[in-house]
Amino acid sequence: MNNTKYVYTFGGKTAEGKADMKNLLGGKGANLAEMCLLGLPVPAGLTISTECCTAYYANNCQLPATLMDEVWKGMKNMENLMGLKYDDADHPLLVSCRSGARTSMPGMMDTVLNIGLSFKTIPGLIKKTGNPRFVYDSYRRLIMMYADVVMEKAEGIEPADGKGIRKQLDDMLDEYKEKKGYKSDTELKAEELLELAEAFKKRIKEVLGTEFPDDAKAQLEGGIKAVFKSWDGKKAIAYRRIEGIPDDWGTAVNVQSMVFGNMGDSSATGVAFTRDPATGENKFYGEWLINAQGEDVVAGIRTPNPLNDDTKNEQNKHLKSMQELMPETYKELCEIRSILEKNYHDMLDIEFTIQEGKLFMLQCRVGKRTGVASLTMAMDMMKEGLIDEKTAVLRVSPSQLDEFLHPILNQAEEKKFKVLAKGLPAGPGGAVGRIAFTSEKAMEYHKQKIANILVREETNPEDVEGMRAANGILTARGGMTSHAALVARGWGKCCIVGCDDVKIDFEAGKLEICGKSFNEGDILSLNGTKGWVYAEEIPMAKNTENPLFKEFMKIVDKYRTMGVRTNADNPEDAQTALDFGAEGIGLFRIEHMFYGKNSEKPLEKLRNMILSDTLERRKAALDELEPYIRESAKGTLKVMNGKPLTFRLMDPPLHEFVPQGEEQQRKVAKERGMKYEDLKKRVEEMHEVNPMMGLRGVRLGIIYPEITETQFRALFSATAELLKEGMDPHLEIMVPLTINVRELQNQKAIADRVHEEVQAKYGIRFNYMFGTMIEIPRAALVANQIAEVAEFFSFGTNDLTQMTFGFSRDDVNAIVHKYIDEKIIPADPFNTFDQECVGELVKLGVERGRSTRPVLKCGVCGEHGGDPASVDFFFRAGLNYVSCSPFRVPVARLAAAQAAIRNA
Ligand code: PEP
Ligand code: MG
């Protein structure tokens, strides 16, 4: 015998549940119970637990044998509280049957209202209300909803598009109104509604083969089953996938006494937020409709009236507010607002109904809000004493904070347009502008102050200036750590990569996206935070400097224990990061001086070095290159004065810097006074089948020690010169792509020698730190040995992910997408850190490294350093700092503070 209790009653200022029982009763059920306990006017009801849903599915979609007995007992309680009786000819009680999962899944599951209306109960209700029109209107609504939810969807019937029963009945209603010359439903008379209801029932029998049940008891059981069944509906499943809600949670069912907002002009229904969900202002914000049922407000058939003066706007200011028309009830609602906020310590989203002047609460839940609103509310509520500082820090999600840092598409406007195509959300914010197919065109537009979107197959280092000049970037190929994505995020630029639907025909000067064709100069809008592309011009929104933001970040830093650094390789980016609160640079990629603005000269020297065929020539070329590296280092060290700056020795395969293609090669050969054939041969010699696994990282410095020597000399000289100028440079040097301690010993010997030489030359003594990146699984495994030389580790999780998965970080997109679709992997590991394995390597590396050197400083500088969920992991792994793009710094600070609070 099954003794599990499935039914929990509520009503009359008491309840068997409460707010913290969401897992069992679902959000709606738990909050209805809580409102009863708070003494608020809630129509009596009962909640069938999520456990019952699980049992229902475990039992082949059969309700547990004991359930309906429990339900009827619970219904008795409702009848007593409401003074009505279910399935009674004189005083009939009607109920609604609604879903309610642990977290809200708005509109994804089904609801049936007005259950209990039958030929037995209709006359009693008419007598009681004296309002036959209302009764028949409720009846035809019940038939429509019941046929759709219980008789079609729950039975698994899948009609052809546009042939669903609901659509057929809606069409019948429209035809009927047209025949009568009515514009609105409210013009239908009682007997006409009855006639319609009869026609509906006939059609249902024809189409679905079964009769609409005229039996209140059968209706209720059918309603309960249908709500459970809707947990497994297509919409609900798709929503769970997106939101990551587990399938086994199940939904609860709430059976609640009906109250009616459609009983005439003293009745109404409405929804409200206890504070403005868009701005966060402490203003009661809502909409209501007189003589209507809840679905009318949500469906948007009528323009709802403003709740109060604070809610009036251009569209609704001519409509009367509840404050004006029902001042007494409005006052009561305001009191409820205050009781709810004091109890939940948060902003609530509520639904209410007024039946003949009496107010009832039908729902409350913590309300969704914009990023700006979440921060405003957190700060306000903290000052009001509703929440403490830690709670305020936890209230703003890192992704919401992002809204403050980038211009975005106006969200209300964006909703009006259809998404044309989707790609990877590589750089946040929004951008609207004219299409540029080349970097030159983007720069030309930029000069003319014309906003533009650079659209490319993929981007490579030569596009950097065009990318800088563009307001947004869209590429057909590339992943989250592709070149375009890295650069864009570094600048906080809106960028979408890997948008497979982008087809560019350069010859024809045309672009096609999902069958729509564009010319250069046409407009596109991008939502880089979501990865969405639009064909229309969508207005932008500016997040103006918000002093609350600064105040909030101060509190955030109070609770943060892990450091936050930035990845930057020029003074401007370093300054941006400092302004955002960075405490140092965790990754300065020396090679970035060879890309983009002012790179011609150093690039020429670098090419000379690469193309040199003898050691002497190479050294001569390096001597010419050194001052450029020194000046580049000095510039950023100056900005970072007093804060640590980690220079990473040159990492990329050298062939990236030699000219590709005959035209370029001929040009460079000519400039260098070299024969084209010789240059071509040299370039061919450098060709590697797997450049990512070839001559790059520390291997460059082992094979060509003179290359690292030059870098060391430049960095030490920069430091010495700044010290002489009275500045306070904190130099850290790190070696990339290490596999064992011998590599480090090899490089450290050069560094120490050059260090001595430079100190002697400048007549000054100074220290530096020597460390390594951990980017290859092998290095994590022998971290105890590596730490004998390395004073710090910086985990390069881009390469570590590449090497652990064996996925090429540059072009594995299509495979990763397929893998995600097939549920072989949960997410793109270049985007969402793989805690299971790459994470294990990080933890192991830290542990083993510190077993040798307990004070070993450990950080991370891969792209995951700015990802909030990863930051939480890095905190737990005991890292000293994370390093991320300048624009991610505030997000990482918040994520680090939240990690510290959560894991305390
Ligand atoms: C990394 O591999 O994580 C890293 C930071 O280095 P890069 O992206 O320059 O290879
Ligand atoms: Mg790397």
# chains A, B, ... in the order shown; residues from 1 in each chain; ligands from 1
>>> residues_around(residues="Leu375 of chain A", least_positions_apart="2", cutoff="8 Å", atoms="only C-alpha atoms", output="JSON, numbers by chain")
{"A": [280, 371, 372, 373, 377, 378, 379, 395, 396, 401, 548, 549, 552]}
>>> closest_atom_pairs(of="chain A", to="ligand 1", cutoff="10 Å", atoms="only C-alpha atoms and all ligand atoms", output="JSON lines")
{"residue": "A:Thr481", "atom": "CA", "partner": "ligand 1", "partner_atom_place_in_ligand_line": "8 (O)", "distance": 7.5}
{"residue": "A:Ser482", "atom": "CA", "partner": "ligand 1", "partner_atom_place_in_ligand_line": "8 (O)", "distance": 9.1}
{"residue": "A:His483", "atom": "CA", "partner": "ligand 1", "partner_atom_place_in_ligand_line": "8 (O)", "distance": 9.1}
{"residue": "A:Leu486", "atom": "CA", "partner": "ligand 1", "partner_atom_place_in_ligand_line": "8 (O)", "distance": 8.1}
{"residue": "A:Asn567", "atom": "CA", "partner": "ligand 1", "partner_atom_place_in_ligand_line": "5 (C)", "distance": 8.5}
{"residue": "A:Gly586", "atom": "CA", "partner": "ligand 1", "partner_atom_place_in_ligand_line": "5 (C)", "distance": 9.2}
{"residue": "A:Leu587", "atom": "CA", "partner": "ligand 1", "partner_atom_place_in_ligand_line": "5 (C)", "distance": 7.1}
{"residue": "A:Phe588", "atom": "CA", "partner": "ligand 1", "partner_atom_place_in_ligand_line": "9 (O)", "distance": 9.1}
{"residue": "A:Arg589", "atom": "CA", "partner": "ligand 1", "partner_atom_place_in_ligand_line": "9 (O)", "distance": 6.7}
{"residue": "A:Ile590", "atom": "CA", "partner": "ligand 1", "partner_atom_place_in_ligand_line": "9 (O)", "distance": 9.8}
{"residue": "A:Glu591", "atom": "CA", "partner": "ligand 1", "partner_atom_place_in_ligand_line": "9 (O)", "distance": 9.3}
{"residue": "A:His592", "atom": "CA", "partner": "ligand 1", "partner_atom_place_in_ligand_line": "9 (O)", "distance": 9.7}
{"residue": "A:Arg648", "atom": "CA", "partner": "ligand 1", "partner_atom_place_in_ligand_line": "9 (O)", "distance": 8.6}
{"residue": "A:Met650", "atom": "CA", "partner": "ligand 1", "partner_atom_place_in_ligand_line": "9 (O)", "distance": 9.1}
{"residue": "A:Asp651", "atom": "CA", "partner": "ligand 1", "partner_atom_place_in_ligand_line": "9 (O)", "distance": 6.9}
{"residue": "A:Pro652", "atom": "CA", "partner": "ligand 1", "partner_atom_place_in_ligand_line": "10 (O)", "distance": 7.6}
{"residue": "A:Met692", "atom": "CA", "partner": "ligand 1", "partner_atom_place_in_ligand_line": "10 (O)", "distance": 9.2}
{"residue": "A:Arg696", "atom": "CA", "partner": "ligand 1", "partner_atom_place_in_ligand_line": "10 (O)", "distance": 9.9}
{"residue": "A:Gly697", "atom": "CA", "partner": "ligand 1", "partner_atom_place_in_ligand_line": "10 (O)", "distance": 8.7}
{"residue": "A:Pro736", "atom": "CA", "partner": "ligand 1", "partner_atom_place_in_ligand_line": "6 (O)", "distance": 7.6}
{"residue": "A:Leu737", "atom": "CA", "partner": "ligand 1", "partner_atom_place_in_ligand_line": "2 (O)", "distance": 8.1}
{"residue": "A:Met773", "atom": "CA", "partner": "ligand 1", "partner_atom_place_in_ligand_line": "4 (C)", "distance": 8.0}
{"residue": "A:Ile774", "atom": "CA", "partner": "ligand 1", "partner_atom_place_in_ligand_line": "2 (O)", "distance": 8.5}
{"residue": "A:Glu775", "atom": "CA", "partner": "ligand 1", "partner_atom_place_in_ligand_line": "2 (O)", "distance": 5.9}
{"residue": "A:Ile776", "atom": "CA", "partner": "ligand 1", "partner_atom_place_in_ligand_line": "2 (O)", "distance": 9.0}
{"residue": "A:Ser794", "atom": "CA", "partner": "ligand 1", "partner_atom_place_in_ligand_line": "5 (C)", "distance": 8.4}
{"residue": "A:Phe795", "atom": "CA", "partner": "ligand 1", "partner_atom_place_in_ligand_line": "3 (O)", "distance": 6.6}
{"residue": "A:Gly796", "atom": "CA", "partner": "ligand 1", "partner_atom_place_in_ligand_line": "3 (O)", "distance": 3.0}
{"residue": "A:Thr797", "atom": "CA", "partner": "ligand 1", "partner_atom_place_in_ligand_line": "3 (O)", "distance": 4.0}
{"residue": "A:Asn798", "atom": "CA", "partner": "ligand 1", "partner_atom_place_in_ligand_line": "3 (O)", "distance": 3.4}
{"residue": "A:Asp799", "atom": "CA", "partner": "ligand 1", "partner_atom_place_in_ligand_line": "2 (O)", "distance": 3.7}
{"residue": "A:Leu800", "atom": "CA", "partner": "ligand 1", "partner_atom_place_in_ligand_line": "2 (O)", "distance": 6.3}
{"residue": "A:Thr801", "atom": "CA", "partner": "ligand 1", "partner_atom_place_in_ligand_line": "3 (O)", "distance": 8.0}
{"residue": "A:Gln802", "atom": "CA", "partner": "ligand 1", "partner_atom_place_in_ligand_line": "2 (O)", "distance": 8.3}
{"residue": "A:Met803", "atom": "CA", "partner": "ligand 1", "partner_atom_place_in_ligand_line": "2 (O)", "distance": 9.6}
{"residue": "A:Arg809", "atom": "CA", "partner": "ligand 1", "partner_atom_place_in_ligand_line": "8 (O)", "distance": 9.4}
{"residue": "A:Phe830", "atom": "CA", "partner": "ligand 1", "partner_atom_place_in_ligand_line": "3 (O)", "distance": 9.5}
{"residue": "A:Val860", "atom": "CA", "partner": "ligand 1", "partner_atom_place_in_ligand_line": "5 (C)", "distance": 7.8}
{"residue": "A:Cys861", "atom": "CA", "partner": "ligand 1", "partner_atom_place_in_ligand_line": "5 (C)", "distance": 4.9}
{"residue": "A:Gly862", "atom": "CA", "partner": "ligand 1", "partner_atom_place_in_ligand_line": "3 (O)", "distance": 3.4}
{"residue": "A:Glu863", "atom": "CA", "partner": "ligand 1", "partner_atom_place_in_ligand_line": "3 (O)", "distance": 6.4}
{"residue": "A:His864", "atom": "CA", "partner": "ligand 1", "partner_atom_place_in_ligand_line": "3 (O)", "distance": 8.2}
{"residue": "A:Gly865", "atom": "CA", "partner": "ligand 1", "partner_atom_place_in_ligand_line": "3 (O)", "distance": 9.2}
{"residue": "A:Ser883", "atom": "CA", "partner": "ligand 1", "partner_atom_place_in_ligand_line": "5 (C)", "distance": 9.2}
{"residue": "A:Cys884", "atom": "CA", "partner": "ligand 1", "partner_atom_place_in_ligand_line": "5 (C)", "distance": 9.3}
>>> write_last_selection(atoms="N, CA and C atoms", output="CSV table (one decimal), in the first residue's frame")
chain,number,residue,atom,x,y,z
A,481,THR,N,37.0,30.7,-29.3
A,481,THR,CA,38.4,31.2,-29.0
A,481,THR,C,39.1,31.5,-30.3
A,482,SER,N,38.3,31.6,-31.4
A,482,SER,CA,38.9,32.0,-32.7
A,482,SER,C,39.5,33.4,-32.6
A,483,HIS,N,40.3,33.7,-33.5
A,483,HIS,CA,40.9,35.0,-33.5
A,483,HIS,C,39.9,36.2,-33.3
A,486,LEU,N,38.5,36.3,-29.7
A,486,LEU,CA,39.4,36.8,-28.7
A,486,LEU,C,39.6,38.3,-28.8
A,567,ASN,N,43.8,40.4,-19.4
A,567,ASN,CA,44.7,40.1,-20.6
A,567,ASN,C,44.7,41.3,-21.4
A,586,GLY,N,47.5,39.6,-16.4
A,586,GLY,CA,47.9,38.2,-16.2
A,586,GLY,C,48.4,37.6,-17.5
A,587,LEU,N,48.2,38.3,-18.6
A,587,LEU,CA,48.7,37.8,-19.9
A,587,LEU,C,48.9,39.0,-20.8
A,588,PHE,N,50.2,39.3,-21.1
A,588,PHE,CA,50.5,40.3,-22.1
A,588,PHE,C,51.1,39.4,-23.3
A,589,ARG,N,50.4,39.3,-24.4
A,589,ARG,CA,50.9,38.5,-25.5
A,589,ARG,C,51.9,39.4,-26.3
A,590,ILE,N,53.2,39.1,-26.2
A,590,ILE,CA,54.2,40.0,-26.9
A,590,ILE,C,53.9,40.1,-28.3
A,591,GLU,N,53.5,39.0,-29.0
A,591,GLU,CA,53.3,39.0,-30.4
A,591,GLU,C,52.2,40.0,-30.9
A,592,HIS,N,51.4,40.4,-30.0
A,592,HIS,CA,50.3,41.3,-30.5
A,592,HIS,C,50.8,42.6,-31.0
A,648,ARG,N,54.1,37.2,-21.6
A,648,ARG,CA,54.3,35.9,-22.1
A,648,ARG,C,55.2,35.9,-23.3
A,650,MET,N,56.9,35.1,-26.9
A,650,MET,CA,56.2,34.9,-28.1
A,650,MET,C,55.8,33.4,-28.3
A,651,ASP,N,54.6,33.3,-28.7
A,651,ASP,CA,54.0,31.9,-28.7
A,651,ASP,C,53.6,31.4,-30.1
A,652,PRO,N,53.1,32.2,-31.0
A,652,PRO,CA,52.5,31.6,-32.2
A,652,PRO,C,53.5,31.0,-33.2
A,692,MET,N,49.7,24.0,-34.8
A,692,MET,CA,49.3,24.2,-33.4
A,692,MET,C,50.2,23.3,-32.5
A,696,ARG,N,56.2,26.2,-31.9
A,696,ARG,CA,55.6,27.4,-31.2
A,696,ARG,C,55.9,27.3,-29.8
A,697,GLY,N,55.5,28.3,-29.0
A,697,GLY,CA,55.7,28.4,-27.6
A,697,GLY,C,57.2,28.3,-27.2
A,736,PRO,N,55.5,30.0,-22.5
A,736,PRO,CA,54.3,29.3,-22.9
A,736,PRO,C,54.6,27.8,-23.4
A,737,LEU,N,53.5,27.0,-23.3
A,737,LEU,CA,53.5,25.7,-23.9
A,737,LEU,C,54.6,24.7,-23.4
A,773,MET,N,53.3,29.0,-18.3
A,773,MET,CA,51.9,28.6,-18.5
A,773,MET,C,51.8,27.1,-18.4
A,774,ILE,N,50.7,26.7,-18.0
A,774,ILE,CA,50.4,25.2,-18.0
A,774,ILE,C,49.3,25.0,-19.0
A,775,GLU,N,49.7,24.5,-20.2
A,775,GLU,CA,48.7,24.5,-21.3
A,775,GLU,C,48.7,23.1,-21.9
A,776,ILE,N,49.5,22.2,-21.5
A,776,ILE,CA,49.6,20.9,-22.0
A,776,ILE,C,49.4,19.9,-20.9
A,794,SER,N,50.5,29.9,-14.8
A,794,SER,CA,49.2,30.5,-15.3
A,794,SER,C,48.6,29.4,-16.3
A,795,PHE,N,47.4,29.0,-15.9
A,795,PHE,CA,46.8,27.9,-16.7
A,795,PHE,C,46.2,28.6,-18.0
A,796,GLY,N,46.7,28.1,-19.1
A,796,GLY,CA,46.2,28.5,-20.4
A,796,GLY,C,45.1,27.6,-20.8
A,797,THR,N,43.9,27.9,-20.4
A,797,THR,CA,42.9,26.8,-20.6
A,797,THR,C,42.4,26.8,-22.1
A,798,ASN,N,42.8,27.7,-22.9
A,798,ASN,CA,42.4,27.6,-24.3
A,798,ASN,C,43.2,26.4,-24.9
A,799,ASP,N,44.5,26.4,-24.7
A,799,ASP,CA,45.3,25.3,-25.3
A,799,ASP,C,45.1,24.1,-24.5
A,800,LEU,N,44.9,24.2,-23.1
A,800,LEU,CA,44.8,23.0,-22.3
A,800,LEU,C,43.5,22.3,-22.7
A,801,THR,N,42.5,23.0,-23.1
A,801,THR,CA,41.2,22.4,-23.6
A,801,THR,C,41.5,21.7,-25.0
A,802,GLN,N,42.2,22.5,-25.8
A,802,GLN,CA,42.5,21.9,-27.2
A,802,GLN,C,43.3,20.6,-27.0
A,803,MET,N,44.3,20.6,-26.1
A,803,MET,CA,45.1,19.5,-26.0
A,803,MET,C,44.5,18.3,-25.3
A,809,ARG,N,41.2,24.3,-31.7
A,809,ARG,CA,40.4,25.5,-31.2
A,809,ARG,C,40.0,26.4,-32.3
A,830,PHE,N,35.3,25.2,-25.2
A,830,PHE,CA,36.1,26.5,-25.3
A,830,PHE,C,35.3,27.6,-24.7
A,860,VAL,N,44.8,31.9,-13.9
A,860,VAL,CA,44.4,31.3,-15.2
A,860,VAL,C,44.2,32.5,-16.1
A,861,CYS,N,44.7,32.3,-17.4
A,861,CYS,CA,44.6,33.4,-18.3
A,861,CYS,C,43.9,33.0,-19.6
A,862,GLY,N,43.3,31.7,-19.7
A,862,GLY,CA,42.6,31.4,-20.9
A,862,GLY,C,41.3,32.1,-20.9
A,863,GLU,N,40.5,32.0,-21.9
A,863,GLU,CA,39.3,32.8,-22.1
A,863,GLU,C,38.3,32.4,-21.0
A,864,HIS,N,38.4,31.3,-20.3
A,864,HIS,CA,37.5,30.9,-19.3
A,864,HIS,C,37.6,31.8,-18.0
A,865,GLY,N,38.7,32.6,-18.0
A,865,GLY,CA,39.0,33.4,-16.8
A,865,GLY,C,37.9,34.5,-16.6
A,883,SER,N,42.5,35.9,-14.9
A,883,SER,CA,42.8,37.0,-15.8
A,883,SER,C,41.9,36.9,-17.0
A,884,CYS,N,41.3,38.1,-17.4
A,884,CYS,CA,40.3,38.0,-18.5
A,884,CYS,C,40.4,39.3,-19.3
>>> atom_distance(atom1="atom CA of Phe766 of chain A", atom2="atom CA of Ala779 of chain A")
29.2 Å
>>> residues_around(residues="Lys368 of chain A", least_positions_apart="3", cutoff="9 Å", atoms="only C-alpha atoms", output="PDB file with C-alpha atoms, in the first residue's frame")
ATOM      1  CA  PRO A 277      11.228  45.304 -13.547  1.00  0.00           C
ATOM      2  CA  MET A 347      10.760  41.978  -5.933  1.00  0.00           C
ATOM      3  CA  LEU A 348       7.667  39.885  -6.631  1.00  0.00           C
ATOM      4  CA  ASP A 349       5.588  39.373  -9.711  1.00  0.00           C
ATOM      5  CA  SER A 374      18.580  43.972 -10.585  1.00  0.00           C
TER       6      SER A 374
END
>>> residues_around(residues="Ala154 of chain A", least_positions_apart="6", cutoff="8 Å", atoms="only C-alpha atoms", output="number ranges by chain")
A: 225-226, 229-230
>>> select_by_dssp(residues="segment 254-495 of chain A", states="helix (DSSP H, G or I)", output="MDAnalysis selection string")
chainID A and resid 294:299 309:311 322:325 327:344 371:384 389:395 398:402 411:414 439:447 461:469 483:491
>>> select_by_dssp(residues="segment 205-361 of chain A", states="strand (DSSP E)", output="PyMOL selection string")
chain A and resi 251-257+268-273+285-290+305-306+348-355+358-361
>>> residues_around(residues="segment 64-78 of chain A", least_positions_apart="6", cutoff="9 Å", atoms="only C-alpha atoms", output="PDB file with N, CA and C atoms, in the first residue's frame")
ATOM      1  N   MET A   1       0.864  -1.206   0.000  1.00  0.00           N
ATOM      2  CA  MET A   1       0.000   0.000   0.000  1.00  0.00           C
ATOM      3  C   MET A   1       0.892   1.244   0.000  1.00  0.00           C
ATOM      4  N   ASN A   2       0.576   2.167  -0.889  1.00  0.00           N
ATOM      5  CA  ASN A   2       1.359   3.394  -1.006  1.00  0.00           C
ATOM      6  C   ASN A   2       0.851   4.433  -0.006  1.00  0.00           C
ATOM      7  N   ASN A   3       1.716   4.840   0.926  1.00  0.00           N
ATOM      8  CA  ASN A   3       1.269   5.803   1.943  1.00  0.00           C
ATOM      9  C   ASN A   3       1.754   7.213   1.670  1.00  0.00           C
ATOM     10  N   THR A   4       2.379   7.427   0.521  1.00  0.00           N
ATOM     11  CA  THR A   4       2.917   8.758   0.246  1.00  0.00           C
ATOM     12  C   THR A   4       1.801   9.797   0.239  1.00  0.00           C
ATOM     13  N   LYS A   5       2.076  10.906   0.894  1.00  0.00           N
ATOM     14  CA  LYS A   5       1.105  12.009   0.871  1.00  0.00           C
ATOM     15  C   LYS A   5       1.360  12.824  -0.393  1.00  0.00           C
ATOM     16  N   TYR A   6       0.360  12.958  -1.223  1.00  0.00           N
ATOM     17  CA  TYR A   6       0.527  13.705  -2.474  1.00  0.00           C
ATOM     18  C   TYR A   6      -0.167  15.066  -2.463  1.00  0.00           C
ATOM     19  N   VAL A   7      -1.160  15.227  -1.599  1.00  0.00           N
ATOM     20  CA  VAL A   7      -1.986  16.431  -1.677  1.00  0.00           C
ATOM     21  C   VAL A   7      -1.750  17.347  -0.470  1.00  0.00           C
ATOM     22  N   TYR A   8      -1.515  18.616  -0.728  1.00  0.00           N
ATOM     23  CA  TYR A   8      -1.268  19.622   0.318  1.00  0.00           C
ATOM     24  C   TYR A   8      -2.279  20.747   0.144  1.00  0.00           C
ATOM     25  N   THR A   9      -3.074  20.989   1.178  1.00  0.00           N
ATOM     26  CA  THR A   9      -4.135  21.989   1.040  1.00  0.00           C
ATOM     27  C   THR A   9      -3.666  23.374   1.473  1.00  0.00           C
ATOM     28  N   PHE A  10      -4.369  24.382   0.977  1.00  0.00           N
ATOM     29  CA  PHE A  10      -4.135  25.757   1.425  1.00  0.00           C
ATOM     30  C   PHE A  10      -5.442  26.527   1.377  1.00  0.00           C
ATOM     31  N   GLY A  11      -5.529  27.585   2.181  1.00  0.00           N
ATOM     32  CA  GLY A  11      -6.741  28.417   2.185  1.00  0.00           C
ATOM     33  C   GLY A  11      -7.092  28.819   3.601  1.00  0.00           C
ATOM     34  N   PRO A  43      -7.835  32.315  -2.845  1.00  0.00           N
ATOM     35  CA  PRO A  43      -8.910  31.325  -2.974  1.00  0.00           C
ATOM     36  C   PRO A  43      -8.388  29.954  -2.558  1.00  0.00           C
ATOM     37  N   ALA A  44      -9.161  29.242  -1.767  1.00  0.00           N
ATOM     38  CA  ALA A  44      -8.696  27.958  -1.225  1.00  0.00           C
ATOM     39  C   ALA A  44      -8.375  26.981  -2.349  1.00  0.00           C
ATOM     40  N   GLY A  45      -7.438  26.096  -2.079  1.00  0.00           N
ATOM     41  CA  GLY A  45      -7.061  25.131  -3.111  1.00  0.00           C
ATOM     42  C   GLY A  45      -6.224  24.008  -2.561  1.00  0.00           C
ATOM     43  N   LEU A  46      -5.675  23.220  -3.469  1.00  0.00           N
ATOM     44  CA  LEU A  46      -4.767  22.148  -3.061  1.00  0.00           C
ATOM     45  C   LEU A  46      -3.685  21.989  -4.119  1.00  0.00           C
ATOM     46  N   ILE A  48      -1.014  19.220  -5.753  1.00  0.00           N
ATOM     47  CA  ILE A  48      -0.583  17.820  -5.882  1.00  0.00           C
ATOM     48  C   ILE A  48       0.915  17.860  -6.167  1.00  0.00           C
ATOM     49  N   CYS A  52       4.192  13.204  -7.121  1.00  0.00           N
ATOM     50  CA  CYS A  52       3.085  12.503  -7.759  1.00  0.00           C
ATOM     51  C   CYS A  52       3.328  12.450  -9.272  1.00  0.00           C
ATOM     52  N   ALA A  55       5.723   9.774  -9.898  1.00  0.00           N
ATOM     53  CA  ALA A  55       5.040   8.479  -9.782  1.00  0.00           C
ATOM     54  C   ALA A  55       4.175   8.215 -11.015  1.00  0.00           C
ATOM     55  N   TYR A  56       3.522   9.271 -11.497  1.00  0.00           N
ATOM     56  CA  TYR A  56       2.660   9.160 -12.680  1.00  0.00           C
ATOM     57  C   TYR A  56       3.462   8.650 -13.882  1.00  0.00           C
ATOM     58  N   LEU A  84     -19.070  26.539  -0.756  1.00  0.00           N
ATOM     59  CA  LEU A  84     -19.646  26.042  -2.008  1.00  0.00           C
ATOM     60  C   LEU A  84     -19.405  24.544  -2.080  1.00  0.00           C
ATOM     61  N   LYS A  85     -19.997  23.906  -3.102  1.00  0.00           N
ATOM     62  CA  LYS A  85     -19.821  22.455  -3.215  1.00  0.00           C
ATOM     63  C   LYS A  85     -19.533  22.091  -4.662  1.00  0.00           C
ATOM     64  N   TYR A  86     -18.519  21.244  -4.823  1.00  0.00           N
ATOM     65  CA  TYR A  86     -18.164  20.825  -6.181  1.00  0.00           C
ATOM     66  C   TYR A  86     -19.264  19.909  -6.720  1.00  0.00           C
ATOM     67  N   LEU A  93     -19.100  24.793  -6.887  1.00  0.00           N
ATOM     68  CA  LEU A  93     -17.735  25.310  -6.821  1.00  0.00           C
ATOM     69  C   LEU A  93     -17.052  24.970  -8.153  1.00  0.00           C
ATOM     70  N   GLU A 221     -10.477  14.966 -12.941  1.00  0.00           N
ATOM     71  CA  GLU A 221      -9.440  13.950 -13.108  1.00  0.00           C
ATOM     72  C   GLU A 221      -8.715  14.131 -14.446  1.00  0.00           C
ATOM     73  N   VAL A 255      -4.895  22.801  -7.871  1.00  0.00           N
ATOM     74  CA  VAL A 255      -6.341  22.852  -8.092  1.00  0.00           C
ATOM     75  C   VAL A 255      -6.857  23.939  -7.154  1.00  0.00           C
ATOM     76  N   GLN A 256      -7.423  24.970  -7.726  1.00  0.00           N
ATOM     77  CA  GLN A 256      -7.773  26.122  -6.887  1.00  0.00           C
ATOM     78  C   GLN A 256      -9.189  26.603  -7.204  1.00  0.00           C
ATOM     79  N   SER A 257      -9.891  27.044  -6.172  1.00  0.00           N
ATOM     80  CA  SER A 257     -11.247  27.568  -6.388  1.00  0.00           C
ATOM     81  C   SER A 257     -11.201  28.720  -7.366  1.00  0.00           C
TER      82      SER A 257
END
>>> atom_distance(atom1="atom CA of Thr719 of chain A", atom2="atom CA of Pro644 of chain A")
11.9 Å
>>> residues_around(residues="Asn527 of chain A", least_positions_apart="5", cutoff="8 Å", atoms="only C-alpha atoms", output="NGL selection string")
:A and (408-409 or 425 or 428-431 or 494 or 532-533)
>>> residues_around(residues="segment 702-716 of chain A", least_positions_apart="4", cutoff="9 Å", atoms="only C-alpha atoms", output="number ranges by chain")
A: 590, 609, 615, 618-619, 622-623, 625-631, 633-634, 647, 649-650, 695, 698, 720-721, 731, 733, 743, 746-747, 750-751, 754-755, 757-759, 768
>>> closest_residue(among="A:Ala760, A:Ala814, A:Ile122, A:Met693", to="ligand 2", atoms="only C-alpha atoms and all ligand atoms")
A:Met693
>>> closest_residue(among="A:Val735, A:Ile435, A:Val502, A:Ala749", to="ligand 2", atoms="only C-alpha atoms and all ligand atoms")
A:Val735
>>> atom_distance(atom1="atom CA of Ala197 of chain A", atom2="atom CA of Glu356 of chain A")
25.5 Å
